[in-house]
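Have a look at the structure below, then the notes.
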Amino acid sequence: MKLKRILAALMALALAAGLLVLPTGAASSGSAFVDIQDPQVAEAAELLRLLGVVEGTGGGSFRPNNTLTRAEFCKMVVDVMGKGDLEPAQRGRTIFLDVGPKHWARGYVNLASSLTTSGELAQTSSTQNSEEKPTAAADRIIMGVGNGNFEPDRPISYGEAVAILTRILGYTTGDIAPGSTWYDGYLAVGATTGLTDGINRTGGSSLTRAEAARLFENLIFAKGKGEDTCYLVSKLGGTLTDDVVLLALKNDAGTGSSTVTVASAGGTNSPKTERLDLSSQLLGVRGQMVQDKSGKFLTLRPNEGDTIRRITINGKVDANYVTANGEQITIAPDTVVWKSGEATTFEKVWSYLYNGTPLTLCYGPSGKLDYVYISAASQASDEVLVARTKPDGTHNPFITLVDRGDYKLYKNGVPATVADLRQYDVATYDAGSGILSVSDLRLTGYYENATPNSSAPTTVTMLGQEFTVLPGAIEDLKGFRPGQQMTLLFTSDGRVAGALDPEVARSTTVGVVEECSDGTAKVKPLLRFWNSKGEEVVFQGKTGLGPTESAKLVGQLVTVSSNKDRMYLSRLSSGSSVSGTLNVAQRTLNGVALAENVRMFERVGTSEPKEITFEQLTRDTVPGTKIVYAGRDYAGKYSILVFDDVTGDQYTYGYSIFKGAEAVDPGSMSYSNAHLSVENGGGTLSVVCGGTFQNRTVMGIAPSVETLDGEHKLAGYVTLQQANGVVRGGYDPETHTLQVGEERFPISQDVWCYNRSTGYWFEGKTGYERFEQARAYSEQMRVYYDKSPREGGKIRMVVVD
């Protein structure tokens, strides 16, 4: 596991992909030395500084390209061996003629030449007891050059340096094979122990300070002769902890202390550190945590088997992917996401990721994405500001957050300008990427509770949900008491940044009614967000509605608010708020532009609305009568659209299975419910239905949010149309379309394909894969579609013989 090689590989990969902008300056390199640009050298020098091996050359400089003298190398040797406290006692004697009383390194040279490969002081004729012999010169760490001299001010050669460090690892002259030059055997041992990894020098060439730093770093992690652990552990008392993710570095200016936040199998913890900064190449990376003998964090050594990819979102984000540089990168909903020092999942954070958000993706040895890291700089709670006054359109009210001139501004996840800012917007700033993210998310309701109290709450409860309160919102909340109505202002990730009187600003939160009975209701917002416990928000409360009114609301879209006595649900009637036509190609509705980050949902009758993409809208236009709801953003653009069955993708297609109502007990008046099911290669979906249906009909069904006896009811169904003798040659793999008679149909991404002769459903992760198998099996196919292509129809099922 070699840090410098791994870091170099990470940077090379990132640069090749065009996804990583390397920061400049020592701070971003993670080193206290201002003149080191090479991150590998910077990390080595910082490690040695923390261990007390190097101090620099003054003024925060390291001078990495300067040569290193033999005397300077002696001092580093003494310090890396932890013997610095013995140095003063060595200043009063003369061992080498050219290291006299006035030489600054006399004590270090004398001590280094007196230390042995065992790490102890050599036995001399004056120190030995009667049973011990003087230590042989071959067992000394450092020796002179002959004639009683040491040549302290001569640049040390690479071969000399490797030989000395090899002896520190416990190797004596007897362990070194002879070669054409005296140092060949030492270089060979250095290669096998890892001492010389990453350095390509000849033995007689001089050594730079940068190369010396890397040699000593290699020494620290090399195993000594006969040792099972590396030098740091066996000789310096340090520790190594595997599979740790480095999350953040926090510097406390008040106390002058620093800590890092790390995560491991045992949870998160925050060891102290004397580091002033961390390389951007280490944050979010998994590897081996290195600590000194007192438990202070030194560095992290990345896992060799991991592949780290750093991206910046600059396109659509969905529940299963993000977009960077035009590439859709798949992220499973249950993928671990490290955010604010805690583990959550992609499912819970994807809807809050905006364009410009920097992400670190860690792929394990198998190539699987193991976790995602969100820059800690974008999570700092003290970097939040509310626009208390009305912006004038020319001056940024959040400018005090920004620490650089080239910042980027995003509002609700899309690029914005100062002219887009409004009063009571909330901004967070990511200093690492220079991104100012603005949100206008608001919620109006009854103030139910505060923890620990209403004078200084850390959480507040509204509509049955508990939300985290940021410090800057406490002053606002002091003006309210539980039992009153208020409007909460949220950051883009769902934290409360402020509170207002509802007469000043209100929300128009839209959700779908999941349950409504016995005078209570549950409403799931269309735009997902999360409470203080990391749970997806579902509003709940008393409605005061009777059984008939409650039953009519289940599955309906509503705006939601509350007061002391009840939760108000205002139903959005189909088409009532929408006029005109949606032009899919132009991205306009009745001539008004759609927002760049427009969110689109589709339902069938009383089914749960599901988010869809423009790729699913294969029709050219959608009439206003098929648009249940259209919500506008701060700029008047449509930012939320809810359709009523326009893509056909919300049905589950397959062969029908009908089972009518039956008596539960002969002679009784009790009957079981009638059920309609469809069966395909993915299994069977069954719902409670009314009426009568034929078996083995190719159809699609959609389940309602509403239930009966714990089972979902039928929200809608469609019987598919059939076309026989469709030839496989009519398929265009580029557009995934198939010629059927005079029309060309899109193939559904979820198409199911069946072999009637064998009774086998073709398998594949996508419908396109299944269709390719069916197409290869037979020259002609029987295809089933829901409606014409111009109405958004697609091929939903294929049968071959």
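Note on naming: chains are A, B, ... as they come in the structure tokens, residues start from 1 per chain, ligands start from 1 in the order shown.
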
Determine, counting only C-alpha atoms, which protein, DNA and RNA residues have an atom within 9 Å of an atom of Val460 in chain A; residues of the same chain fewer than 2 positions away are not included. Present the result as a CSV table (one decimal) with C-alpha atoms, in the first residue's frame.
```csv
chain,number,residue,atom,x,y,z
A,447,TYR,CA,-46.1,24.8,15.4
A,448,GLU,CA,-46.6,21.5,17.3
A,449,ASN,CA,-43.5,21.1,19.4
A,450,ALA,CA,-39.9,22.2,20.1
A,451,THR,CA,-36.9,20.4,21.5
A,454,SER,CA,-39.0,27.0,22.3
A,457,PRO,CA,-34.8,24.8,19.9
A,458,THR,CA,-32.6,22.3,18.1
A,462,MET,CA,-44.8,20.6,12.1
A,465,GLN,CA,-42.6,15.9,11.3
A,466,GLU,CA,-39.5,16.9,13.3
A,467,PHE,CA,-37.0,19.2,11.5
A,468,THR,CA,-33.5,20.2,12.4
A,469,VAL,CA,-33.1,23.8,13.4
A,496,VAL,CA,-34.8,25.0,9.1
```

Please return, as a short mmCIF file (atom, residue, chain, number, x, y, z; two decimals) with N, CA, C and O atoms, in the first residue's frame, all residues of range 646-767 of chain A that DSSP assigns to helix (DSSP H, G or I) on the basis of the backbone.
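Result saved to states37.cif:
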```cif
data_model
loop_
_atom_site.label_atom_id
_atom_site.label_comp_id
_atom_site.auth_asym_id
_atom_site.auth_seq_id
_atom_site.Cartn_x
_atom_site.Cartn_y
_atom_site.Cartn_z
N ARG A 728 -38.52 -9.08 -37.58
CA ARG A 728 -37.46 -8.55 -36.71
C ARG A 728 -36.56 -7.56 -37.43
O ARG A 728 -35.90 -6.72 -36.80
N GLY A 729 -36.53 -7.64 -38.77
CA GLY A 729 -35.70 -6.72 -39.55
C GLY A 729 -36.18 -5.28 -39.47
O GLY A 729 -35.46 -4.36 -39.87
N GLY A 730 -37.41 -5.07 -38.99
CA GLY A 730 -37.94 -3.72 -38.88
C GLY A 730 -37.49 -2.98 -37.63
O GLY A 730 -37.96 -1.87 -37.36
N GLY A 767 -35.77 -4.08 -20.64
CA GLY A 767 -36.63 -4.58 -21.69
C GLY A 767 -35.90 -4.70 -23.01
O GLY A 767 -36.18 -5.61 -23.80
#
```

Check your understanding: Using only C-alpha atoms, which residues sit within 12 Å of Gly759 in chain A once same-chain residues fewer than 2 positions away are excluded, as a ChimeraX atom specification?
Key -> /A:680-681,753-757,761-762,799-801

Taking all heavy atoms for each residue, export the selection above as an mmCIF file, in the first residue's frame.
```
data_model
loop_
_atom_site.group_PDB
_atom_site.id
_atom_site.type_symbol
_atom_site.label_atom_id
_atom_site.label_comp_id
_atom_site.auth_asym_id
_atom_site.auth_seq_id
_atom_site.Cartn_x
_atom_site.Cartn_y
_atom_site.Cartn_z
ATOM 1 N N ASN A 680 -45.987 -11.634 -15.564
ATOM 2 C CA ASN A 680 -44.938 -11.489 -16.568
ATOM 3 C C ASN A 680 -43.642 -12.058 -16.005
ATOM 4 O O ASN A 680 -43.658 -12.723 -14.957
ATOM 5 C CB ASN A 680 -44.777 -10.023 -16.995
ATOM 6 C CG ASN A 680 -44.487 -9.110 -15.816
ATOM 7 O OD1 ASN A 680 -43.791 -9.490 -14.866
ATOM 8 N ND2 ASN A 680 -45.029 -7.890 -15.858
ATOM 9 N N GLY A 681 -42.550 -11.820 -16.668
ATOM 10 C CA GLY A 681 -41.277 -12.378 -16.224
ATOM 11 C C GLY A 681 -40.802 -11.845 -14.903
ATOM 12 O O GLY A 681 -39.886 -12.407 -14.288
ATOM 13 N N CYS A 753 -41.083 -10.136 -22.828
ATOM 14 C CA CYS A 753 -41.047 -10.995 -24.015
ATOM 15 C C CYS A 753 -41.240 -12.447 -23.590
ATOM 16 O O CYS A 753 -40.580 -12.922 -22.655
ATOM 17 C CB CYS A 753 -39.724 -10.827 -24.762
ATOM 18 S SG CYS A 753 -39.402 -9.120 -25.264
ATOM 19 N N TYR A 754 -42.132 -13.147 -24.337
ATOM 20 C CA TYR A 754 -42.566 -14.495 -23.930
ATOM 21 C C TYR A 754 -42.421 -15.478 -25.085
ATOM 22 O O TYR A 754 -42.772 -15.181 -26.233
ATOM 23 C CB TYR A 754 -44.025 -14.418 -23.477
ATOM 24 C CG TYR A 754 -44.614 -15.715 -22.983
ATOM 25 C CD1 TYR A 754 -44.214 -16.275 -21.773
ATOM 26 C CD2 TYR A 754 -45.591 -16.384 -23.726
ATOM 27 C CE1 TYR A 754 -44.768 -17.456 -21.298
ATOM 28 C CE2 TYR A 754 -46.163 -17.575 -23.264
ATOM 29 C CZ TYR A 754 -45.727 -18.102 -22.059
ATOM 30 O OH TYR A 754 -46.275 -19.276 -21.582
ATOM 31 N N ASN A 755 -41.892 -16.680 -24.780
ATOM 32 C CA ASN A 755 -41.793 -17.761 -25.750
ATOM 33 C C ASN A 755 -42.961 -18.710 -25.493
ATOM 34 O O ASN A 755 -42.973 -19.447 -24.512
ATOM 35 C CB ASN A 755 -40.459 -18.497 -25.594
ATOM 36 C CG ASN A 755 -40.235 -19.528 -26.691
ATOM 37 O OD1 ASN A 755 -41.172 -20.165 -27.168
ATOM 38 N ND2 ASN A 755 -38.975 -19.688 -27.081
ATOM 39 N N ARG A 756 -43.949 -18.659 -26.380
ATOM 40 C CA ARG A 756 -45.168 -19.439 -26.149
ATOM 41 C C ARG A 756 -44.923 -20.933 -26.262
ATOM 42 O O ARG A 756 -45.582 -21.740 -25.597
ATOM 43 C CB ARG A 756 -46.250 -19.006 -27.139
ATOM 44 C CG ARG A 756 -47.633 -19.520 -26.757
ATOM 45 C CD ARG A 756 -48.702 -18.905 -27.611
ATOM 46 N NE ARG A 756 -48.555 -19.253 -29.028
ATOM 47 C CZ ARG A 756 -49.442 -18.955 -29.973
ATOM 48 N NH1 ARG A 756 -50.541 -18.281 -29.643
ATOM 49 N NH2 ARG A 756 -49.238 -19.298 -31.233
ATOM 50 N N SER A 757 -43.956 -21.337 -27.085
ATOM 51 C CA SER A 757 -43.698 -22.766 -27.268
ATOM 52 C C SER A 757 -43.123 -23.398 -26.013
ATOM 53 O O SER A 757 -43.449 -24.539 -25.659
ATOM 54 C CB SER A 757 -42.730 -22.979 -28.441
ATOM 55 O OG SER A 757 -43.291 -22.497 -29.638
ATOM 56 N N TRP A 761 -40.274 -16.914 -20.098
ATOM 57 C CA TRP A 761 -40.135 -15.459 -20.187
ATOM 58 C C TRP A 761 -38.656 -15.141 -20.360
ATOM 59 O O TRP A 761 -37.822 -15.582 -19.578
ATOM 60 C CB TRP A 761 -40.647 -14.775 -18.917
ATOM 61 C CG TRP A 761 -42.143 -14.838 -18.733
ATOM 62 C CD1 TRP A 761 -42.845 -15.746 -18.007
ATOM 63 C CD2 TRP A 761 -43.110 -13.939 -19.291
ATOM 64 N NE1 TRP A 761 -44.188 -15.483 -18.072
ATOM 65 C CE2 TRP A 761 -44.378 -14.373 -18.867
ATOM 66 C CE3 TRP A 761 -43.029 -12.825 -20.128
ATOM 67 C CZ2 TRP A 761 -45.568 -13.720 -19.225
ATOM 68 C CZ3 TRP A 761 -44.198 -12.166 -20.495
ATOM 69 C CH2 TRP A 761 -45.448 -12.614 -20.049
ATOM 70 N N PHE A 762 -38.348 -14.394 -21.398
ATOM 71 C CA PHE A 762 -36.949 -14.016 -21.611
ATOM 72 C C PHE A 762 -36.474 -13.129 -20.459
ATOM 73 O O PHE A 762 -37.219 -12.272 -19.971
ATOM 74 C CB PHE A 762 -36.788 -13.279 -22.945
ATOM 75 C CG PHE A 762 -37.005 -14.164 -24.136
ATOM 76 C CD1 PHE A 762 -38.241 -14.198 -24.779
ATOM 77 C CD2 PHE A 762 -35.991 -14.971 -24.609
ATOM 78 C CE1 PHE A 762 -38.459 -15.013 -25.875
ATOM 79 C CE2 PHE A 762 -36.185 -15.788 -25.715
ATOM 80 C CZ PHE A 762 -37.427 -15.818 -26.347
ATOM 81 N N VAL A 799 -44.480 -11.666 -28.143
ATOM 82 C CA VAL A 799 -44.623 -13.124 -28.026
ATOM 83 C C VAL A 799 -44.034 -13.765 -29.271
ATOM 84 O O VAL A 799 -44.299 -13.331 -30.412
ATOM 85 C CB VAL A 799 -46.104 -13.532 -27.876
ATOM 86 C CG1 VAL A 799 -46.244 -15.060 -27.854
ATOM 87 C CG2 VAL A 799 -46.686 -12.932 -26.600
ATOM 88 N N VAL A 800 -43.199 -14.793 -29.078
ATOM 89 C CA VAL A 800 -42.630 -15.541 -30.203
ATOM 90 C C VAL A 800 -42.971 -17.012 -30.021
ATOM 91 O O VAL A 800 -43.253 -17.483 -28.922
ATOM 92 C CB VAL A 800 -41.096 -15.355 -30.283
ATOM 93 C CG1 VAL A 800 -40.744 -13.895 -30.553
ATOM 94 C CG2 VAL A 800 -40.410 -15.830 -29.006
ATOM 95 N N ASP A 801 -42.922 -17.739 -31.144
ATOM 96 C CA ASP A 801 -43.187 -19.187 -31.121
ATOM 97 C C ASP A 801 -41.909 -19.943 -31.457
ATOM 98 O O ASP A 801 -41.059 -19.450 -32.195
ATOM 99 C CB ASP A 801 -44.271 -19.546 -32.137
ATOM 100 C CG ASP A 801 -45.618 -18.964 -31.705
ATOM 101 O OD1 ASP A 801 -45.969 -19.079 -30.523
ATOM 102 O OD2 ASP A 801 -46.286 -18.371 -32.580
#
```

Exercise for review: Find the residues around Gly710 in chain A up to 12 Å (only C-alpha atoms counted), leave out those fewer than 4 positions away in its own chain, and share them as JSON, numbers by chain.
Suggested key: {"A": [515, 673, 687, 688, 704, 705, 706]}

Exercise for review: Would you mind listing what lies within 8 Å of Thr239 in chain A as JSON, numbers by chain, with only C-alpha atoms counted and same-chain residues fewer than 5 positions away left out?
Suggested key: {"A": [232, 233, 290, 291, 292, 293, 295]}

Could you save the residues just selected, with C-alpha atoms, as a CSV table (one decimal), in the first residue's frame?
```csv
chain,number,residue,atom,x,y,z
A,232,LEU,CA,5.7,3.2,12.8
A,233,VAL,CA,4.0,0.5,14.8
A,290,VAL,CA,-2.4,6.3,10.6
A,291,GLN,CA,-2.1,7.6,14.2
A,292,ASP,CA,1.0,8.3,16.4
A,293,LYS,CA,1.6,6.8,19.8
A,295,GLY,CA,-3.5,8.6,19.1
```

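Taking CA of Val726 in chain A as the reference point, CA of Tyr653 in chain A is found at 19.7 Å.
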
**Study point:** DSSP-assigned strand (DSSP E or B) among range 413-574 of chain A, expressed as a ChimeraX atom specification
**Key:** /A:414-415,426-430,435-439,442-451,459-462,465-469,485-490,496-500,510-517,520-525,530,536,539-542,557-562,567-571

**Study point:** Contacts of Ala473 in chain A at 8 Å (only C-alpha atoms; same-chain gap of 5+ positions) as number ranges by chain
**Key:** A: 496-499

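Excluding range 534-546 of chain A itself and same-chain residues fewer than 6 positions from it, the residues having an atom within 6 Å of it are Leu463, Gly464, Gly519, Thr520, Ala521, Lys522, Val523, Lys524, Arg566 and Met567 of chain A, counting only C-alpha atoms.
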